[in-house]
Amino acid sequence: MSQHPIRAFLTGSGNDGAGRRLREILAFDDAHIEGVHDFIQWCFPLHEASLAVPGAPVLSRAEAEAIRADPAALSGLRAALGRMTRFYAETDGWLRPHDHNHLRITRILSALSDLLGAEAATEFHAFVTARNAKAGAPINATSLRYWEAALRGA
């Protein structure tokens with residue numbers, strides 16, 4: 001499993017780049033979720049490098065396949081999704097025209113589409129867009145287009 005550090009992290013047996021286990025990140029309070037910027041790349045890995053966090057992990061094709069085939073890794077991914085869904089349900093700071101959380105949501109949608117499938121991504125997309133609508137639709141159109149593209153795996 002050492003050749004798959006993201007998979008190990010998602011299963012709970014490995015650490016992220018800052019030495020944290022998934023269970024520690026899942027226990028972050030909302031202020032930590034908002035203020036810490038180097039965990040989201042581990043919880044929702046992508047096949048391209050993060051522009052926001054240099055040195056963040058990049059998901060290889062082989063590791064993505066290993067995660068998709070590992071019930072423990074998928075369970076960890078679902079737990080991370082649950083924590084972020086709770087964060088977006090319980091906070092309103094991201095419901096404004098421009099916010100770093102819009103990029104996080106794009107990442108989450110892309111990772112879900114890739115690793116958990118269209119249904120999970122569609123459910124999360126429906127949730128965040130409903131929150132936006134209920135708040136009077138403050139999120140900018142460009143972010144919403146990125147979310148749609150991530151949902152389609154584009």
# chains A, B, ... in the order shown; residues from 1 in each chain; ligands from 1
call {"tool": "residues_around", "arguments": {"residues": "Asp30 (chain A)", "least_positions_apart": "5", "cutoff": "10 Å", "atoms": "only C-alpha atoms", "output": "JSON, numbers by chain"}}
result
{"A": [35, 83, 84, 86, 87, 88, 90, 91]}
call {"tool": "residues_around", "arguments": {"residues": "Ser13 (chain A)", "least_positions_apart": "6", "cutoff": "12 Å", "atoms": "only C-alpha atoms", "output": "PyMOL selection string"}}
result
chain A and resi 1-2+4-7+19-23+72-73+76
call {"tool": "select_by_dssp", "arguments": {"residues": "region 66-143 of chain A", "states": "alpha helix (DSSP H)", "output": "number ranges by chain"}}
result
A: 66-68, 71-90, 100-111, 118-134, 141-143
call {"tool": "closest_atom_pairs", "arguments": {"of": "region 27-119 of chain A", "to": "region 129-137 of chain A", "cutoff": "10 Å", "atoms": "only C-alpha atoms", "output": "JSON lines"}}
result
{"residue": "A:Tyr88", "atom": "CA", "partner": "A:Arg131", "partner_atom": "CA", "distance": 8.2}
{"residue": "A:Ala89", "atom": "CA", "partner": "A:Arg131", "partner_atom": "CA", "distance": 7.6}
{"residue": "A:Asp92", "atom": "CA", "partner": "A:Ala135", "partner_atom": "CA", "distance": 8.5}
{"residue": "A:Trp94", "atom": "CA", "partner": "A:Asn132", "partner_atom": "CA", "distance": 9.2}
{"residue": "A:Leu95", "atom": "CA", "partner": "A:Asn132", "partner_atom": "CA", "distance": 6.4}
{"residue": "A:Arg96", "atom": "CA", "partner": "A:Ala137", "partner_atom": "CA", "distance": 8.3}
{"residue": "A:Pro97", "atom": "CA", "partner": "A:Ala137", "partner_atom": "CA", "distance": 8.7}
call {"tool": "write_last_selection", "arguments": {"atoms": "N, CA and C atoms", "output": "compact mmCIF listing (two decimals), in the first residue's frame"}}
result
# COMPACT_ATOMS: atom_id res chain seq x y z
N TYR A 88 -20.79 22.51 4.59
CA TYR A 88 -21.54 23.39 3.69
C TYR A 88 -22.99 23.56 4.11
N ALA A 89 -23.52 22.63 4.89
CA ALA A 89 -24.88 22.76 5.42
C ALA A 89 -24.91 23.72 6.62
N ASP A 92 -22.36 29.52 6.19
CA ASP A 92 -22.88 30.33 5.10
C ASP A 92 -21.82 31.22 4.44
N TRP A 94 -19.42 30.69 2.54
CA TRP A 94 -19.10 30.34 1.15
C TRP A 94 -20.19 30.79 0.18
N LEU A 95 -21.32 31.21 0.73
CA LEU A 95 -22.46 31.62 -0.11
C LEU A 95 -22.34 33.11 -0.42
N ARG A 96 -21.39 33.41 -1.28
CA ARG A 96 -21.12 34.77 -1.74
C ARG A 96 -20.53 34.68 -3.14
N PRO A 97 -20.40 35.79 -3.83
CA PRO A 97 -19.96 35.71 -5.24
C PRO A 97 -18.63 35.00 -5.45
call {"tool": "atom_distance", "arguments": {"atom1": "CA of Ala150 (chain A)", "atom2": "CA of Glu119 (chain A)"}}
result
13.0 Å
call {"tool": "closest_residue", "arguments": {"among": "A:Leu59, A:Leu151, A:Leu144, A:Ala80", "to": "Ile40 (chain A)", "atoms": "only C-alpha atoms"}}
result
A:Ala80
call {"tool": "closest_residue", "arguments": {"among": "A:Leu109, A:Ala79, A:Leu10, A:Ala118", "to": "Tyr146 (chain A)", "atoms": "only C-alpha atoms"}}
result
A:Leu109
call {"tool": "closest_residue", "arguments": {"among": "A:Gln3, A:Phe28, A:Pro54, A:Thr142", "to": "Leu103 (chain A)", "atoms": "only C-alpha atoms"}}
result
A:Thr142
call {"tool": "atom_distance", "arguments": {"atom1": "CA of Glu24 (chain A)", "atom2": "CA of His37 (chain A)"}}
result
14.5 Å
call {"tool": "atom_distance", "arguments": {"atom1": "CA of Ile108 (chain A)", "atom2": "CA of Val36 (chain A)"}}
result
15.9 Å
call {"tool": "residues_around", "arguments": {"residues": "Ala56 (chain A)", "least_positions_apart": "4", "cutoff": "7 Å", "atoms": "only C-alpha atoms", "output": "PyMOL selection string"}}
result
chain A and resi 41+49-50
call {"tool": "closest_residue", "arguments": {"among": "A:Ile67, A:Ala111, A:Ala126, A:Ala8", "to": "Glu48 (chain A)", "atoms": "only C-alpha atoms"}}
result
A:Ala111
call {"tool": "residues_around", "arguments": {"residues": "Arg107 (chain A)", "least_positions_apart": "2", "cutoff": "12 Å", "atoms": "only C-alpha atoms", "output": "number ranges by chain"}}
result
A: 39-52, 81, 84, 100-105, 109-115, 121, 124-125, 143, 146-151, 153-154
call {"tool": "write_last_selection", "arguments": {"atoms": "C-alpha atoms", "output": "short mmCIF file (atom, residue, chain, number, x, y, z; two decimals), in the first residue's frame"}}
result
data_model
loop_
_atom_site.label_atom_id
_atom_site.label_comp_id
_atom_site.auth_asym_id
_atom_site.auth_seq_id
_atom_site.Cartn_x
_atom_site.Cartn_y
_atom_site.Cartn_z
CA PHE A 39 -6.25 18.66 3.51
CA ILE A 40 -8.81 18.83 0.72
CA GLN A 41 -6.32 17.51 -1.88
CA TRP A 42 -5.89 14.33 0.17
CA CYS A 43 -9.58 13.82 0.87
CA PHE A 44 -10.60 14.50 -2.74
CA PRO A 45 -7.63 13.68 -4.97
CA LEU A 46 -7.41 14.68 -8.63
CA HIS A 47 -5.25 13.61 -11.56
CA GLU A 48 -3.75 17.09 -11.91
CA ALA A 49 -1.56 19.11 -9.59
CA SER A 50 -3.18 21.59 -7.22
CA LEU A 51 -2.50 25.21 -8.12
CA ALA A 52 -3.48 26.31 -4.61
CA LEU A 81 -17.82 13.79 1.71
CA MET A 84 -17.71 18.50 3.86
CA HIS A 100 -12.13 29.69 -2.04
CA ASN A 101 -14.77 27.10 -1.17
CA HIS A 102 -16.07 27.32 -4.74
CA LEU A 103 -12.76 25.78 -5.88
CA ARG A 104 -13.06 23.14 -3.17
CA ILE A 105 -16.55 22.25 -4.38
CA LEU A 109 -17.31 17.13 -7.61
CA SER A 110 -14.42 16.08 -9.86
CA ALA A 111 -13.10 13.54 -7.35
CA LEU A 112 -16.57 12.13 -6.71
CA SER A 113 -17.26 11.79 -10.44
CA ASP A 114 -13.97 9.95 -10.88
CA LEU A 115 -13.86 7.76 -7.78
CA ALA A 121 -21.42 13.62 -7.63
CA PHE A 124 -23.53 16.60 -3.87
CA HIS A 125 -24.08 18.99 -6.78
CA SER A 143 -18.16 28.91 -10.43
CA TYR A 146 -17.11 24.87 -13.26
CA TRP A 147 -19.34 22.78 -10.99
CA GLU A 148 -21.40 21.63 -13.97
CA ALA A 149 -18.24 20.71 -15.90
CA ALA A 150 -16.85 18.80 -12.91
CA LEU A 151 -20.13 16.95 -12.61
CA GLY A 153 -16.18 14.82 -15.69
CA ALA A 154 -15.00 17.50 -18.09
#
call {"tool": "closest_residue", "arguments": {"among": "A:Leu74, A:Ala66, A:Leu26, A:Asp38", "to": "Val53 (chain A)", "atoms": "only C-alpha atoms"}}
result
A:Asp38
call {"tool": "decode", "arguments": {"residues": "region 106-141 of chain A", "atoms": "N, CA, C and O atoms", "output": "PDB file, in the first residue's frame"}}
result
ATOM      1  N   THR A 106     -15.608  22.420  -6.621  1.00  0.00           N
ATOM      2  CA  THR A 106     -15.248  21.898  -7.946  1.00  0.00           C
ATOM      3  C   THR A 106     -14.382  20.654  -7.791  1.00  0.00           C
ATOM      4  O   THR A 106     -14.595  19.636  -8.452  1.00  0.00           O
ATOM      5  N   ARG A 107     -13.402  20.710  -6.900  1.00  0.00           N
ATOM      6  CA  ARG A 107     -12.521  19.565  -6.648  1.00  0.00           C
ATOM      7  C   ARG A 107     -13.328  18.375  -6.135  1.00  0.00           C
ATOM      8  O   ARG A 107     -13.141  17.248  -6.586  1.00  0.00           O
ATOM      9  N   ILE A 108     -14.192  18.612  -5.183  1.00  0.00           N
ATOM     10  CA  ILE A 108     -14.999  17.529  -4.615  1.00  0.00           C
ATOM     11  C   ILE A 108     -15.835  16.875  -5.709  1.00  0.00           C
ATOM     12  O   ILE A 108     -15.870  15.639  -5.818  1.00  0.00           O
ATOM     13  N   LEU A 109     -16.486  17.679  -6.523  1.00  0.00           N
ATOM     14  CA  LEU A 109     -17.310  17.130  -7.608  1.00  0.00           C
ATOM     15  C   LEU A 109     -16.473  16.314  -8.590  1.00  0.00           C
ATOM     16  O   LEU A 109     -16.897  15.237  -9.021  1.00  0.00           O
ATOM     17  N   SER A 110     -15.296  16.803  -8.936  1.00  0.00           N
ATOM     18  CA  SER A 110     -14.421  16.079  -9.864  1.00  0.00           C
ATOM     19  C   SER A 110     -13.982  14.743  -9.269  1.00  0.00           C
ATOM     20  O   SER A 110     -14.016  13.707  -9.944  1.00  0.00           O
ATOM     21  N   ALA A 111     -13.560  14.767  -8.005  1.00  0.00           N
ATOM     22  CA  ALA A 111     -13.103  13.537  -7.353  1.00  0.00           C
ATOM     23  C   ALA A 111     -14.249  12.539  -7.205  1.00  0.00           C
ATOM     24  O   ALA A 111     -14.061  11.339  -7.432  1.00  0.00           O
ATOM     25  N   LEU A 112     -15.418  13.024  -6.840  1.00  0.00           N
ATOM     26  CA  LEU A 112     -16.571  12.126  -6.709  1.00  0.00           C
ATOM     27  C   LEU A 112     -16.917  11.493  -8.048  1.00  0.00           C
ATOM     28  O   LEU A 112     -17.168  10.282  -8.117  1.00  0.00           O
ATOM     29  N   SER A 113     -16.955  12.308  -9.101  1.00  0.00           N
ATOM     30  CA  SER A 113     -17.264  11.788 -10.442  1.00  0.00           C
ATOM     31  C   SER A 113     -16.291  10.683 -10.820  1.00  0.00           C
ATOM     32  O   SER A 113     -16.690   9.649 -11.358  1.00  0.00           O
ATOM     33  N   ASP A 114     -15.029  10.898 -10.512  1.00  0.00           N
ATOM     34  CA  ASP A 114     -13.973   9.953 -10.876  1.00  0.00           C
ATOM     35  C   ASP A 114     -13.981   8.698 -10.005  1.00  0.00           C
ATOM     36  O   ASP A 114     -13.883   7.584 -10.512  1.00  0.00           O
ATOM     37  N   LEU A 115     -14.104   8.869  -8.698  1.00  0.00           N
ATOM     38  CA  LEU A 115     -13.865   7.758  -7.778  1.00  0.00           C
ATOM     39  C   LEU A 115     -15.131   7.083  -7.244  1.00  0.00           C
ATOM     40  O   LEU A 115     -15.127   5.882  -6.999  1.00  0.00           O
ATOM     41  N   LEU A 116     -16.188   7.853  -7.038  1.00  0.00           N
ATOM     42  CA  LEU A 116     -17.424   7.272  -6.506  1.00  0.00           C
ATOM     43  C   LEU A 116     -18.524   7.124  -7.552  1.00  0.00           C
ATOM     44  O   LEU A 116     -19.471   6.382  -7.342  1.00  0.00           O
ATOM     45  N   GLY A 117     -18.418   7.896  -8.639  1.00  0.00           N
ATOM     46  CA  GLY A 117     -19.397   7.770  -9.706  1.00  0.00           C
ATOM     47  C   GLY A 117     -20.373   8.933  -9.782  1.00  0.00           C
ATOM     48  O   GLY A 117     -20.435   9.794  -8.898  1.00  0.00           O
ATOM     49  N   ALA A 118     -21.140   8.911 -10.853  1.00  0.00           N
ATOM     50  CA  ALA A 118     -22.041  10.011 -11.189  1.00  0.00           C
ATOM     51  C   ALA A 118     -23.108  10.248 -10.125  1.00  0.00           C
ATOM     52  O   ALA A 118     -23.471  11.392  -9.849  1.00  0.00           O
ATOM     53  N   GLU A 119     -23.613   9.190  -9.528  1.00  0.00           N
ATOM     54  CA  GLU A 119     -24.696   9.365  -8.555  1.00  0.00           C
ATOM     55  C   GLU A 119     -24.251  10.185  -7.351  1.00  0.00           C
ATOM     56  O   GLU A 119     -24.939  11.123  -6.934  1.00  0.00           O
ATOM     57  N   ALA A 120     -23.098   9.857  -6.795  1.00  0.00           N
ATOM     58  CA  ALA A 120     -22.584  10.607  -5.638  1.00  0.00           C
ATOM     59  C   ALA A 120     -22.307  12.057  -6.022  1.00  0.00           C
ATOM     60  O   ALA A 120     -22.625  12.978  -5.253  1.00  0.00           O
ATOM     61  N   ALA A 121     -21.711  12.261  -7.179  1.00  0.00           N
ATOM     62  CA  ALA A 121     -21.416  13.624  -7.629  1.00  0.00           C
ATOM     63  C   ALA A 121     -22.704  14.409  -7.854  1.00  0.00           C
ATOM     64  O   ALA A 121     -22.806  15.578  -7.470  1.00  0.00           O
ATOM     65  N   THR A 122     -23.688  13.780  -8.460  1.00  0.00           N
ATOM     66  CA  THR A 122     -24.967  14.445  -8.734  1.00  0.00           C
ATOM     67  C   THR A 122     -25.663  14.838  -7.435  1.00  0.00           C
ATOM     68  O   THR A 122     -26.212  15.943  -7.322  1.00  0.00           O
ATOM     69  N   GLU A 123     -25.629  13.963  -6.446  1.00  0.00           N
ATOM     70  CA  GLU A 123     -26.254  14.269  -5.153  1.00  0.00           C
ATOM     71  C   GLU A 123     -25.578  15.465  -4.480  1.00  0.00           C
ATOM     72  O   GLU A 123     -26.263  16.352  -3.951  1.00  0.00           O
ATOM     73  N   PHE A 124     -24.243  15.482  -4.488  1.00  0.00           N
ATOM     74  CA  PHE A 124     -23.535  16.600  -3.866  1.00  0.00           C
ATOM     75  C   PHE A 124     -23.800  17.889  -4.641  1.00  0.00           C
ATOM     76  O   PHE A 124     -24.021  18.950  -4.040  1.00  0.00           O
ATOM     77  N   HIS A 125     -23.795  17.823  -5.956  1.00  0.00           N
ATOM     78  CA  HIS A 125     -24.075  18.988  -6.784  1.00  0.00           C
ATOM     79  C   HIS A 125     -25.471  19.528  -6.486  1.00  0.00           C
ATOM     80  O   HIS A 125     -25.664  20.744  -6.336  1.00  0.00           O
ATOM     81  N   ALA A 126     -26.439  18.649  -6.395  1.00  0.00           N
ATOM     82  CA  ALA A 126     -27.811  19.072  -6.084  1.00  0.00           C
ATOM     83  C   ALA A 126     -27.858  19.766  -4.719  1.00  0.00           C
ATOM     84  O   ALA A 126     -28.548  20.783  -4.552  1.00  0.00           O
ATOM     85  N   PHE A 127     -27.114  19.231  -3.769  1.00  0.00           N
ATOM     86  CA  PHE A 127     -27.083  19.823  -2.430  1.00  0.00           C
ATOM     87  C   PHE A 127     -26.507  21.244  -2.462  1.00  0.00           C
ATOM     88  O   PHE A 127     -27.122  22.183  -1.946  1.00  0.00           O
ATOM     89  N   VAL A 128     -25.308  21.430  -3.058  1.00  0.00           N
ATOM     90  CA  VAL A 128     -24.682  22.763  -3.026  1.00  0.00           C
ATOM     91  C   VAL A 128     -25.451  23.770  -3.872  1.00  0.00           C
ATOM     92  O   VAL A 128     -25.544  24.938  -3.501  1.00  0.00           O
ATOM     93  N   THR A 129     -26.023  23.326  -4.979  1.00  0.00           N
ATOM     94  CA  THR A 129     -26.792  24.271  -5.799  1.00  0.00           C
ATOM     95  C   THR A 129     -28.111  24.643  -5.110  1.00  0.00           C
ATOM     96  O   THR A 129     -28.567  25.779  -5.244  1.00  0.00           O
ATOM     97  N   ALA A 130     -28.702  23.719  -4.363  1.00  0.00           N
ATOM     98  CA  ALA A 130     -29.910  24.050  -3.596  1.00  0.00           C
ATOM     99  C   ALA A 130     -29.583  25.045  -2.488  1.00  0.00           C
ATOM    100  O   ALA A 130     -30.364  25.980  -2.228  1.00  0.00           O
ATOM    101  N   ARG A 131     -28.433  24.869  -1.829  1.00  0.00           N
ATOM    102  CA  ARG A 131     -28.020  25.826  -0.788  1.00  0.00           C
ATOM    103  C   ARG A 131     -27.820  27.207  -1.403  1.00  0.00           C
ATOM    104  O   ARG A 131     -28.222  28.216  -0.826  1.00  0.00           O
ATOM    105  N   ASN A 132     -27.202  27.246  -2.577  1.00  0.00           N
ATOM    106  CA  ASN A 132     -27.005  28.507  -3.274  1.00  0.00           C
ATOM    107  C   ASN A 132     -28.358  29.150  -3.604  1.00  0.00           C
ATOM    108  O   ASN A 132     -28.555  30.342  -3.360  1.00  0.00           O
ATOM    109  N   ALA A 133     -29.277  28.372  -4.146  1.00  0.00           N
ATOM    110  CA  ALA A 133     -30.589  28.908  -4.515  1.00  0.00           C
ATOM    111  C   ALA A 133     -31.329  29.445  -3.286  1.00  0.00           C
ATOM    112  O   ALA A 133     -31.905  30.542  -3.326  1.00  0.00           O
ATOM    113  N   LYS A 134     -31.286  28.699  -2.192  1.00  0.00           N
ATOM    114  CA  LYS A 134     -31.975  29.111  -0.969  1.00  0.00           C
ATOM    115  C   LYS A 134     -31.399  30.407  -0.409  1.00  0.00           C
ATOM    116  O   LYS A 134     -32.099  31.196   0.210  1.00  0.00           O
ATOM    117  N   ALA A 135     -30.097  30.637  -0.664  1.00  0.00           N
ATOM    118  CA  ALA A 135     -29.427  31.853  -0.184  1.00  0.00           C
ATOM    119  C   ALA A 135     -29.624  33.032  -1.138  1.00  0.00           C
ATOM    120  O   ALA A 135     -29.038  34.087  -0.941  1.00  0.00           O
ATOM    121  N   GLY A 136     -30.422  32.854  -2.187  1.00  0.00           N
ATOM    122  CA  GLY A 136     -30.647  33.930  -3.147  1.00  0.00           C
ATOM    123  C   GLY A 136     -29.688  33.916  -4.322  1.00  0.00           C
ATOM    124  O   GLY A 136     -29.546  34.913  -5.013  1.00  0.00           O
ATOM    125  N   ALA A 137     -29.027  32.808  -4.536  1.00  0.00           N
ATOM    126  CA  ALA A 137     -28.119  32.591  -5.669  1.00  0.00           C
ATOM    127  C   ALA A 137     -26.967  33.598  -5.741  1.00  0.00           C
ATOM    128  O   ALA A 137     -26.729  34.216  -6.781  1.00  0.00           O
ATOM    129  N   PRO A 138     -26.194  33.743  -4.644  1.00  0.00           N
ATOM    130  CA  PRO A 138     -25.092  34.699  -4.667  1.00  0.00           C
ATOM    131  C   PRO A 138     -23.837  34.221  -5.407  1.00  0.00           C
ATOM    132  O   PRO A 138     -22.984  35.038  -5.754  1.00  0.00           O
ATOM    133  N   ILE A 139     -23.702  32.922  -5.643  1.00  0.00           N
ATOM    134  CA  ILE A 139     -22.470  32.391  -6.237  1.00  0.00           C
ATOM    135  C   ILE A 139     -22.394  32.771  -7.712  1.00  0.00           C
ATOM    136  O   ILE A 139     -23.381  32.678  -8.450  1.00  0.00           O
ATOM    137  N   ASN A 140     -21.217  33.185  -8.140  1.00  0.00           N
ATOM    138  CA  ASN A 140     -21.024  33.676  -9.505  1.00  0.00           C
ATOM    139  C   ASN A 140     -21.238  32.575 -10.548  1.00  0.00           C
ATOM    140  O   ASN A 140     -21.032  31.386 -10.282  1.00  0.00           O
ATOM    141  N   ALA A 141     -21.636  32.992 -11.737  1.00  0.00           N
ATOM    142  CA  ALA A 141     -21.966  32.063 -12.821  1.00  0.00           C
ATOM    143  C   ALA A 141     -20.764  31.227 -13.255  1.00  0.00           C
ATOM    144  O   ALA A 141     -20.924  30.062 -13.641  1.00  0.00           O
TER     145      ALA A 141
END
